[in-house]
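Visitor: Below is the file run08.cif, with mmCIF, N, CA and C atoms.
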data_coords
#
loop_
_atom_site.label_atom_id
_atom_site.label_comp_id
_atom_site.auth_asym_id
_atom_site.auth_seq_id
_atom_site.Cartn_x
_atom_site.Cartn_y
_atom_site.Cartn_z
N MET A 933 -26.58 96.54 177.80
CA MET A 933 -26.62 95.53 176.77
C MET A 933 -25.79 94.33 177.23
N PRO A 934 -26.35 93.12 177.17
CA PRO A 934 -25.58 91.93 177.55
C PRO A 934 -24.42 91.70 176.57
N ILE A 935 -23.46 90.91 176.99
CA ILE A 935 -22.32 90.55 176.14
C ILE A 935 -22.55 89.15 175.59
N ALA A 936 -22.46 89.01 174.27
CA ALA A 936 -22.68 87.73 173.60
C ALA A 936 -21.42 86.88 173.64
N ARG A 937 -21.61 85.58 173.49
CA ARG A 937 -20.49 84.63 173.37
C ARG A 937 -20.00 84.60 171.93
N ALA A 938 -18.78 84.18 171.72
CA ALA A 938 -18.23 84.05 170.37
C ALA A 938 -18.98 82.97 169.58
N VAL A 939 -19.11 83.19 168.28
CA VAL A 939 -19.79 82.20 167.43
C VAL A 939 -18.83 81.14 166.91
N VAL A 940 -17.53 81.43 166.91
CA VAL A 940 -16.50 80.44 166.56
C VAL A 940 -15.34 80.59 167.54
N ARG A 941 -14.55 79.56 167.66
CA ARG A 941 -13.36 79.65 168.52
C ARG A 941 -12.38 80.65 167.89
N ASN A 942 -11.64 81.36 168.72
CA ASN A 942 -10.65 82.34 168.24
C ASN A 942 -11.29 83.34 167.28
N GLN A 943 -12.45 83.84 167.67
CA GLN A 943 -13.22 84.73 166.81
C GLN A 943 -12.45 85.98 166.43
N ARG A 944 -12.46 86.29 165.13
CA ARG A 944 -11.87 87.51 164.61
C ARG A 944 -12.65 87.91 163.37
N SER A 945 -12.73 89.20 163.15
CA SER A 945 -13.53 89.69 162.03
C SER A 945 -12.77 89.57 160.72
N ARG A 946 -13.54 89.38 159.65
CA ARG A 946 -12.98 89.34 158.30
C ARG A 946 -12.64 90.77 157.89
N THR A 947 -11.42 90.96 157.45
CA THR A 947 -11.01 92.28 156.98
C THR A 947 -11.33 92.37 155.49
N HIS A 948 -10.54 93.07 154.75
CA HIS A 948 -10.81 93.30 153.33
C HIS A 948 -10.20 92.19 152.47
N ASP A 949 -10.97 91.72 151.48
CA ASP A 949 -10.45 90.81 150.46
C ASP A 949 -11.04 91.26 149.13
N GLN A 950 -10.85 90.49 148.08
CA GLN A 950 -11.31 90.91 146.74
C GLN A 950 -12.82 91.09 146.65
N PHE A 951 -13.56 90.58 147.64
CA PHE A 951 -15.02 90.71 147.65
C PHE A 951 -15.50 91.84 148.54
N GLY A 952 -14.59 92.58 149.13
CA GLY A 952 -14.95 93.71 149.97
C GLY A 952 -14.55 93.49 151.42
N SER A 953 -15.15 94.29 152.29
CA SER A 953 -14.84 94.25 153.71
C SER A 953 -15.96 93.59 154.49
N GLY A 954 -15.59 92.86 155.53
CA GLY A 954 -16.57 92.19 156.36
C GLY A 954 -17.03 93.01 157.55
N GLN A 955 -16.61 94.27 157.62
CA GLN A 955 -16.95 95.11 158.76
C GLN A 955 -18.37 95.67 158.64
N PHE A 956 -19.01 95.87 159.77
CA PHE A 956 -20.34 96.48 159.81
C PHE A 956 -20.27 97.87 159.20
N GLY A 957 -21.24 98.20 158.34
CA GLY A 957 -21.31 99.50 157.72
C GLY A 957 -20.49 99.67 156.46
N SER A 958 -19.74 98.64 156.06
CA SER A 958 -18.93 98.73 154.84
C SER A 958 -19.83 98.92 153.63
N SER A 959 -19.33 99.63 152.66
CA SER A 959 -20.07 99.92 151.43
C SER A 959 -20.27 98.64 150.61
N ARG A 960 -21.45 98.53 150.04
CA ARG A 960 -21.77 97.46 149.10
C ARG A 960 -22.32 98.10 147.83
N ASP A 961 -22.11 97.47 146.70
CA ASP A 961 -22.64 97.98 145.43
C ASP A 961 -22.28 99.45 145.21
N HIS A 962 -21.02 99.79 145.40
CA HIS A 962 -20.51 101.14 145.17
C HIS A 962 -21.26 102.21 145.97
N GLY A 963 -21.58 101.88 147.22
CA GLY A 963 -22.19 102.85 148.11
C GLY A 963 -23.70 102.92 148.08
N SER A 964 -24.36 102.08 147.27
CA SER A 964 -25.82 102.13 147.21
C SER A 964 -26.47 101.43 148.41
N ARG A 965 -25.71 100.59 149.09
CA ARG A 965 -26.19 99.96 150.32
C ARG A 965 -24.98 99.65 151.19
N PHE A 966 -25.28 99.27 152.45
CA PHE A 966 -24.20 99.06 153.41
C PHE A 966 -24.36 97.72 154.11
N HIS A 967 -23.23 97.14 154.49
CA HIS A 967 -23.18 95.84 155.16
C HIS A 967 -23.83 95.96 156.53
N GLN A 968 -24.91 95.22 156.75
CA GLN A 968 -25.64 95.31 158.00
C GLN A 968 -25.21 94.26 159.02
N GLY A 969 -24.14 93.57 158.71
CA GLY A 969 -23.66 92.55 159.63
C GLY A 969 -22.17 92.66 159.85
N LEU A 970 -21.64 91.62 160.46
CA LEU A 970 -20.22 91.49 160.72
C LEU A 970 -19.81 90.10 160.27
N ASP A 971 -18.76 90.01 159.47
CA ASP A 971 -18.27 88.71 159.01
C ASP A 971 -17.16 88.24 159.94
N VAL A 972 -17.32 87.01 160.42
CA VAL A 972 -16.37 86.41 161.34
C VAL A 972 -15.67 85.25 160.62
N VAL A 973 -14.36 85.30 160.58
CA VAL A 973 -13.57 84.27 159.89
C VAL A 973 -13.87 82.90 160.49
N ALA A 974 -14.15 81.94 159.59
CA ALA A 974 -14.44 80.57 160.01
C ALA A 974 -14.01 79.62 158.90
N SER A 975 -13.30 78.58 159.25
CA SER A 975 -12.91 77.56 158.28
C SER A 975 -14.12 76.74 157.88
N PRO A 976 -14.13 76.20 156.65
CA PRO A 976 -15.23 75.32 156.28
C PRO A 976 -15.38 74.18 157.28
N ARG A 977 -16.61 73.91 157.67
CA ARG A 977 -16.99 72.86 158.63
C ARG A 977 -16.59 73.18 160.07
N GLU A 978 -16.08 74.39 160.33
CA GLU A 978 -15.78 74.77 161.71
C GLU A 978 -17.08 74.87 162.50
N MET A 979 -17.04 74.49 163.76
CA MET A 979 -18.23 74.54 164.61
C MET A 979 -18.65 75.98 164.86
N ILE A 980 -19.97 76.21 164.79
CA ILE A 980 -20.58 77.51 165.10
C ILE A 980 -21.37 77.34 166.38
N PHE A 981 -21.25 78.34 167.27
CA PHE A 981 -21.91 78.29 168.57
C PHE A 981 -22.94 79.41 168.69
N SER A 982 -23.97 79.18 169.46
CA SER A 982 -24.96 80.22 169.71
C SER A 982 -24.33 81.33 170.55
N PRO A 983 -24.48 82.58 170.13
CA PRO A 983 -23.92 83.67 170.91
C PRO A 983 -24.80 84.09 172.09
N ILE A 984 -26.08 83.66 172.06
CA ILE A 984 -27.04 84.11 173.08
C ILE A 984 -27.95 82.96 173.52
N ARG A 985 -28.70 83.19 174.58
CA ARG A 985 -29.78 82.28 174.96
C ARG A 985 -30.98 82.65 174.10
N GLY A 986 -31.54 81.67 173.44
CA GLY A 986 -32.66 81.98 172.56
C GLY A 986 -33.32 80.74 172.00
N LYS A 987 -34.12 80.97 171.01
CA LYS A 987 -34.83 79.90 170.33
C LYS A 987 -34.61 80.06 168.84
N VAL A 988 -34.23 78.96 168.19
CA VAL A 988 -34.09 78.96 166.74
C VAL A 988 -35.51 79.04 166.18
N VAL A 989 -35.82 80.13 165.48
CA VAL A 989 -37.19 80.33 165.00
C VAL A 989 -37.38 79.99 163.53
N ARG A 990 -36.30 80.00 162.78
CA ARG A 990 -36.42 79.62 161.37
C ARG A 990 -35.04 79.51 160.73
N GLU A 991 -35.05 78.89 159.58
CA GLU A 991 -33.87 78.86 158.74
C GLU A 991 -33.82 80.18 157.97
N ALA A 992 -32.64 80.69 157.73
CA ALA A 992 -32.45 81.92 156.96
C ALA A 992 -31.83 81.55 155.63
N LEU A 993 -32.33 82.15 154.58
CA LEU A 993 -31.80 81.92 153.23
C LEU A 993 -31.31 83.26 152.68
N PRO A 994 -30.00 83.50 152.74
CA PRO A 994 -29.48 84.80 152.33
C PRO A 994 -29.65 85.11 150.83
N TYR A 995 -29.77 84.07 149.99
CA TYR A 995 -29.92 84.27 148.55
C TYR A 995 -31.19 83.57 148.07
N LYS A 996 -32.15 84.33 147.60
CA LYS A 996 -33.42 83.75 147.15
C LYS A 996 -33.24 82.79 145.98
N ASN A 997 -32.20 83.03 145.17
CA ASN A 997 -31.99 82.18 144.00
C ASN A 997 -30.97 81.06 144.22
N ASP A 998 -30.51 80.89 145.45
CA ASP A 998 -29.55 79.82 145.75
C ASP A 998 -29.88 79.22 147.12
N LEU A 999 -30.68 78.17 147.09
CA LEU A 999 -31.14 77.54 148.33
C LEU A 999 -30.08 76.64 148.97
N SER A 1000 -28.91 76.51 148.33
CA SER A 1000 -27.85 75.69 148.92
C SER A 1000 -27.11 76.45 150.03
N VAL A 1001 -27.26 77.77 150.07
CA VAL A 1001 -26.61 78.60 151.09
C VAL A 1001 -27.63 78.86 152.18
N ARG A 1002 -27.26 78.55 153.44
CA ARG A 1002 -28.25 78.58 154.52
C ARG A 1002 -27.76 79.39 155.72
N GLY A 1003 -28.67 79.52 156.64
CA GLY A 1003 -28.36 80.20 157.88
C GLY A 1003 -29.45 79.92 158.90
N VAL A 1004 -29.39 80.65 160.01
CA VAL A 1004 -30.32 80.43 161.11
C VAL A 1004 -30.71 81.77 161.73
N VAL A 1005 -31.92 81.83 162.25
CA VAL A 1005 -32.38 83.01 162.98
C VAL A 1005 -32.67 82.57 164.41
N ILE A 1006 -32.02 83.26 165.37
CA ILE A 1006 -32.21 82.96 166.80
C ILE A 1006 -32.91 84.16 167.42
N ARG A 1007 -34.03 83.94 168.06
CA ARG A 1007 -34.75 84.99 168.79
C ARG A 1007 -34.41 84.86 170.26
N GLY A 1008 -33.94 85.93 170.86
CA GLY A 1008 -33.48 85.91 172.24
C GLY A 1008 -34.59 85.66 173.25
N ILE A 1009 -34.20 84.99 174.35
CA ILE A 1009 -35.09 84.80 175.49
C ILE A 1009 -34.33 85.22 176.76
N GLY A 1010 -35.08 85.43 177.86
CA GLY A 1010 -34.44 85.87 179.10
C GLY A 1010 -33.85 87.24 178.93
N GLU A 1011 -32.59 87.42 179.36
CA GLU A 1011 -31.94 88.73 179.23
C GLU A 1011 -31.78 89.16 177.78
N TRP A 1012 -31.97 88.25 176.85
CA TRP A 1012 -31.83 88.54 175.42
C TRP A 1012 -33.17 88.82 174.74
N THR A 1013 -34.26 88.90 175.50
CA THR A 1013 -35.57 89.20 174.91
C THR A 1013 -35.49 90.52 174.14
N GLY A 1014 -36.03 90.51 172.94
CA GLY A 1014 -35.99 91.69 172.07
C GLY A 1014 -34.91 91.61 171.00
N TYR A 1015 -33.93 90.72 171.19
CA TYR A 1015 -32.85 90.56 170.21
C TYR A 1015 -33.19 89.45 169.22
N GLU A 1016 -32.73 89.64 168.00
CA GLU A 1016 -32.81 88.59 166.98
C GLU A 1016 -31.48 88.57 166.26
N ILE A 1017 -30.91 87.39 166.13
CA ILE A 1017 -29.59 87.24 165.50
C ILE A 1017 -29.71 86.29 164.32
N LYS A 1018 -29.20 86.76 163.17
CA LYS A 1018 -29.12 85.92 161.98
C LYS A 1018 -27.66 85.52 161.82
N ILE A 1019 -27.44 84.26 161.55
CA ILE A 1019 -26.11 83.75 161.25
C ILE A 1019 -26.20 83.06 159.89
N PHE A 1020 -25.52 83.64 158.89
CA PHE A 1020 -25.54 83.08 157.54
C PHE A 1020 -24.29 82.25 157.29
N TYR A 1021 -24.41 81.39 156.28
CA TYR A 1021 -23.36 80.50 155.81
C TYR A 1021 -23.11 79.40 156.83
N ALA A 1022 -24.22 78.82 157.29
CA ALA A 1022 -24.19 77.76 158.31
C ALA A 1022 -24.95 76.55 157.81
N ASP A 1023 -24.44 75.38 158.10
CA ASP A 1023 -25.01 74.12 157.64
C ASP A 1023 -25.20 73.18 158.83
N GLY A 1024 -26.09 72.21 158.72
CA GLY A 1024 -26.30 71.24 159.79
C GLY A 1024 -26.94 71.87 161.00
N LEU A 1025 -27.92 72.72 160.77
CA LEU A 1025 -28.54 73.53 161.81
C LEU A 1025 -29.37 72.69 162.78
N ILE A 1026 -29.43 73.14 164.03
CA ILE A 1026 -30.30 72.52 165.01
C ILE A 1026 -31.53 73.40 165.20
N SER A 1027 -32.51 72.89 165.93
CA SER A 1027 -33.72 73.68 166.20
C SER A 1027 -33.99 73.69 167.69
N GLY A 1028 -34.97 74.49 168.09
CA GLY A 1028 -35.36 74.57 169.49
C GLY A 1028 -34.59 75.61 170.26
N GLU A 1029 -34.65 75.50 171.59
CA GLU A 1029 -33.93 76.45 172.45
C GLU A 1029 -32.44 76.17 172.44
N VAL A 1030 -31.67 77.26 172.53
CA VAL A 1030 -30.21 77.16 172.53
C VAL A 1030 -29.64 78.00 173.66
N ALA A 1031 -28.52 77.56 174.19
CA ALA A 1031 -27.82 78.28 175.26
C ALA A 1031 -26.58 78.94 174.69
N PRO A 1032 -26.11 80.01 175.32
CA PRO A 1032 -24.87 80.63 174.86
C PRO A 1032 -23.73 79.61 174.87
N GLY A 1033 -23.00 79.55 173.77
CA GLY A 1033 -21.88 78.62 173.67
C GLY A 1033 -22.27 77.23 173.20
N GLN A 1034 -23.55 76.98 172.95
CA GLN A 1034 -24.00 75.66 172.47
C GLN A 1034 -23.72 75.53 170.98
N HIS A 1035 -23.22 74.38 170.57
CA HIS A 1035 -22.94 74.10 169.16
C HIS A 1035 -24.28 74.07 168.41
N ILE A 1036 -24.39 74.89 167.33
CA ILE A 1036 -25.65 74.96 166.59
C ILE A 1036 -25.53 74.62 165.11
N ALA A 1037 -24.32 74.65 164.54
CA ALA A 1037 -24.16 74.42 163.11
C ALA A 1037 -22.68 74.30 162.76
N PHE A 1038 -22.41 74.17 161.48
CA PHE A 1038 -21.05 74.16 160.94
C PHE A 1038 -20.94 75.23 159.85
N ALA A 1039 -19.79 75.86 159.76
CA ALA A 1039 -19.56 76.88 158.72
C ALA A 1039 -19.55 76.23 157.34
N GLU A 1040 -20.21 76.87 156.40
CA GLU A 1040 -20.21 76.40 155.02
C GLU A 1040 -18.90 76.79 154.34
N ASP A 1041 -18.63 76.15 153.21
CA ASP A 1041 -17.47 76.47 152.39
C ASP A 1041 -17.90 77.48 151.34
N LEU A 1042 -17.55 78.74 151.53
CA LEU A 1042 -17.97 79.80 150.62
C LEU A 1042 -17.20 79.82 149.30
N SER A 1043 -16.11 79.06 149.21
CA SER A 1043 -15.32 79.07 147.97
C SER A 1043 -16.11 78.49 146.80
N ARG A 1044 -17.15 77.72 147.08
CA ARG A 1044 -18.00 77.20 145.99
C ARG A 1044 -18.74 78.35 145.30
N LYS A 1045 -19.16 79.34 146.06
CA LYS A 1045 -19.91 80.47 145.51
C LYS A 1045 -19.00 81.65 145.16
N TYR A 1046 -17.99 81.88 145.99
CA TYR A 1046 -17.08 83.02 145.83
C TYR A 1046 -15.63 82.54 145.89
N PRO A 1047 -15.09 81.97 144.81
CA PRO A 1047 -13.70 81.51 144.85
C PRO A 1047 -12.75 82.63 145.25
N GLY A 1048 -11.92 82.36 146.27
CA GLY A 1048 -10.94 83.32 146.74
C GLY A 1048 -11.38 84.16 147.92
N ILE A 1049 -12.64 84.05 148.34
CA ILE A 1049 -13.12 84.84 149.48
C ILE A 1049 -12.54 84.28 150.78
N THR A 1050 -12.37 85.13 151.77
CA THR A 1050 -12.00 84.68 153.10
C THR A 1050 -13.23 83.98 153.68
N ASN A 1051 -13.10 82.71 153.99
CA ASN A 1051 -14.27 81.96 154.49
C ASN A 1051 -14.72 82.55 155.81
N HIS A 1052 -16.04 82.66 155.98
CA HIS A 1052 -16.58 83.33 157.17
C HIS A 1052 -18.04 82.95 157.41
N VAL A 1053 -18.54 83.34 158.56
CA VAL A 1053 -19.97 83.37 158.82
C VAL A 1053 -20.35 84.83 159.00
N HIS A 1054 -21.57 85.14 158.62
CA HIS A 1054 -22.08 86.51 158.66
C HIS A 1054 -23.08 86.61 159.81
N ILE A 1055 -22.94 87.63 160.63
CA ILE A 1055 -23.81 87.82 161.79
C ILE A 1055 -24.53 89.16 161.67
N GLU A 1056 -25.85 89.11 161.77
CA GLU A 1056 -26.66 90.33 161.83
C GLU A 1056 -27.41 90.34 163.14
N VAL A 1057 -27.51 91.51 163.75
CA VAL A 1057 -28.19 91.64 165.05
C VAL A 1057 -29.24 92.74 164.95
N ARG A 1058 -30.41 92.43 165.47
CA ARG A 1058 -31.46 93.44 165.61
C ARG A 1058 -31.95 93.41 167.05
N CYS A 1059 -32.27 94.59 167.56
CA CYS A 1059 -32.87 94.70 168.88
C CYS A 1059 -34.17 95.48 168.70
N LYS A 1060 -35.26 94.83 169.03
CA LYS A 1060 -36.59 95.42 168.85
C LYS A 1060 -36.77 95.92 167.42
N GLY A 1061 -36.26 95.13 166.47
CA GLY A 1061 -36.42 95.43 165.06
C GLY A 1061 -35.40 96.38 164.46
N ARG A 1062 -34.55 96.98 165.28
CA ARG A 1062 -33.55 97.93 164.78
C ARG A 1062 -32.18 97.26 164.67
N VAL A 1063 -31.48 97.57 163.59
CA VAL A 1063 -30.14 97.01 163.36
C VAL A 1063 -29.20 97.52 164.44
N VAL A 1064 -28.41 96.59 165.01
CA VAL A 1064 -27.43 96.91 166.04
C VAL A 1064 -26.06 96.46 165.51
N PRO A 1065 -25.01 97.28 165.62
CA PRO A 1065 -23.68 96.83 165.21
C PRO A 1065 -23.27 95.58 166.01
N PRO A 1066 -23.06 94.44 165.34
CA PRO A 1066 -22.75 93.21 166.07
C PRO A 1066 -21.53 93.30 166.97
N GLN A 1067 -20.53 94.09 166.57
CA GLN A 1067 -19.31 94.17 167.39
C GLN A 1067 -19.61 94.74 168.77
N ASP A 1068 -20.70 95.48 168.92
CA ASP A 1068 -21.07 95.99 170.25
C ASP A 1068 -21.41 94.84 171.20
N LEU A 1069 -22.04 93.79 170.69
CA LEU A 1069 -22.40 92.65 171.52
C LEU A 1069 -21.20 91.74 171.80
N PHE A 1070 -20.23 91.73 170.89
CA PHE A 1070 -19.12 90.80 170.99
C PHE A 1070 -17.83 91.48 171.45
N ALA A 1071 -17.95 92.52 172.24
CA ALA A 1071 -16.80 93.34 172.62
C ALA A 1071 -15.62 92.52 173.14
N GLN A 1072 -15.87 91.49 173.96
CA GLN A 1072 -14.77 90.74 174.53
C GLN A 1072 -14.18 89.74 173.56
N CYS A 1073 -14.77 89.58 172.38
CA CYS A 1073 -14.31 88.55 171.44
C CYS A 1073 -13.32 89.07 170.41
N PHE A 1074 -13.12 90.38 170.33
CA PHE A 1074 -12.24 90.93 169.29
C PHE A 1074 -11.10 91.70 169.90
#
Would you mind writing the file's structure down as structure tokens?

Guide:
Amino acid sequence: MPIARAVVRNQRSRTHDQFGSGQFGSSRDHGSRFHQGLDVVASPREMIFSPIRGKVVREALPYKNDLSVRGVVIRGIGEWTGYEIKIFYADGLISGEVAPGQHIAFAEDLSRKYPGITNHVHIEVRCKGRVVPPQDLFAQCF
């Protein structure tokens, strides 16, 4: 498995706050579902970088009833073929092909939706349609 680049400078995962844990596999809704991504601490308007070589294939909308919250879906190319990465809570998105480490967006301010939450971006990874723990790809970043 290739190693991805960090999505923000000084990348570190969101731990536990009043809204729960940002770790992959953490319980949601009292155990009825589980967190399929990894939350990475990011200040509002902090630059977000592409973790892989790929193509931005669409905008991601994490909440069907709130179109103000956005994200991006990157489909891997080259050594990243078969991977798809979603990055939520991102604004000012670019389109087209992206290189690892290329600036692709800015972190949104989540305090508008969740006052008191640790501001972050959410990363989900799939390989050939199967969920992959994001921390496996970002081993050198944590």

Visitor: Kindly resolve the PyMOL selection byres ((chain A and resi 1000-1010) around 6.5) on the present coordinates and return the residues as JSON, numbers by chain.

Guide: {"A": [984, 985, 986, 987, 988, 989, 990, 991, 992, 993, 994, 995, 997, 998, 999, 1011, 1012, 1013, 1014, 1015, 1016, 1017, 1018, 1019, 1020, 1021, 1022, 1023]}

Visitor: Take the PyMOL selection byres ((chain A and resi 973) around 6), apply it to the structure above, and return the hits as a list in words.

Guide: Arg944, Ser945, Arg946, Asp971, Val972, Ala974, Ser975, Asn1051, His1052 and Val1053 of chain A

Visitor: Find the residues near range 1035-1039 of chain A: any atom within 5 Å, counting only N, CA and C atoms, skip ones fewer than 2 places away on the same chain, and give them as a list of chain:residue names.

Guide: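 Using only N, CA and C atoms, the neighbours found are A:Pro976, A:Arg977, A:Glu978, A:Met979, A:Ile980, A:Phe981, A:Ser982, A:Tyr1021, A:Ala1022, A:Asp1023, A:Gly1024, A:Leu1025, A:Ile1026, A:Gly1033, A:Asp1041.
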
Visitor: Between A:Asn942, A:Ser1027, A:Gln968, A:Ser959, which has the minimum distance to Pro1065 in chain A (counting all atoms listed in the file)?

Guide: A:Gln968

Visitor: Give me, as a VMD selection string, all polymer residues having an atom no more than 5 Å from Leu970 in chain A, counting only N, CA and C atoms and skipping those fewer than 5 positions away in the same chain.

Guide: chain A and resid 954 956 1054 to 1055

Visitor: Mind telling me what the PyMOL selection byres (((chain A and resi 1069 and name CA) around 12) and name CA) catches here, as a list in words?

Guide: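 In the shown coordinates, the PyMOL selection byres (((chain A and resi 1069 and name CA) around 12) and name CA) covers Met933, Pro934, Ile935, Ala936, Arg937, Ala938, Val939, Gly969, Leu970, Pro983, Ile984, Trp1012, Tyr1015, Ile1017, Ile1055, Glu1056, Val1057, Arg1058, Cys1059, Val1064, Pro1065, Pro1066, Gln1067, Asp1068, Phe1070, Ala1071, Gln1072, Cys1073 and Phe1074 of chain A.
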
Visitor: Using DSSP on the backbone coordinates, identify the residues of chain A assigned to helix (DSSP H, G or I); present them as an NGL selection string.

Guide: :A and (961-963 or 1010-1012 or 1042-1044 or 1066-1069 or 1071-1073)

Visitor: Let me make sure I understand: among A:Val940, A:Ile1049, A:Leu1042, A:Ala1031, which one has the smallest atom-to-atom distance to Gly952 in chain A if we use only C-alpha atoms?

Guide: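 Distance minimum relative to Gly952 in chain A lands on A:Ile1049.
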
Visitor: Which residue gives the smallest distance to Gly1048 in chain A among A:Gln943, A:Lys996, A:Phe951, A:Glu1029, with only C-alpha atoms counted?

Guide: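 Closest candidate: A:Phe951.
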
Visitor: With DSSP run on the backbone, what are the strand (DSSP E) residues within range 978-1030 of chain A? I'd like them as an MDAnalysis selection string.

Guide: chainID A and resid 979:981 986:992 1003:1008 1015:1020 1022:1023 1028:1030

Visitor: Mind giving me the straight-line distance from atom N of Gln950 in chain A to atom N of Tyr1046 in chain A in Å, one decimal?

Guide: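 Computed distance, atom N of Gln950 in chain A to atom N of Tyr1046 in chain A, equals 11.4 Å.
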
Visitor: What is the CA of Lys1060 in chain A to CA of Arg941 in chain A distance in Å?

Guide: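 Between CA of Lys1060 in chain A and CA of Arg941 in chain A the gap works out to 28.1 Å.
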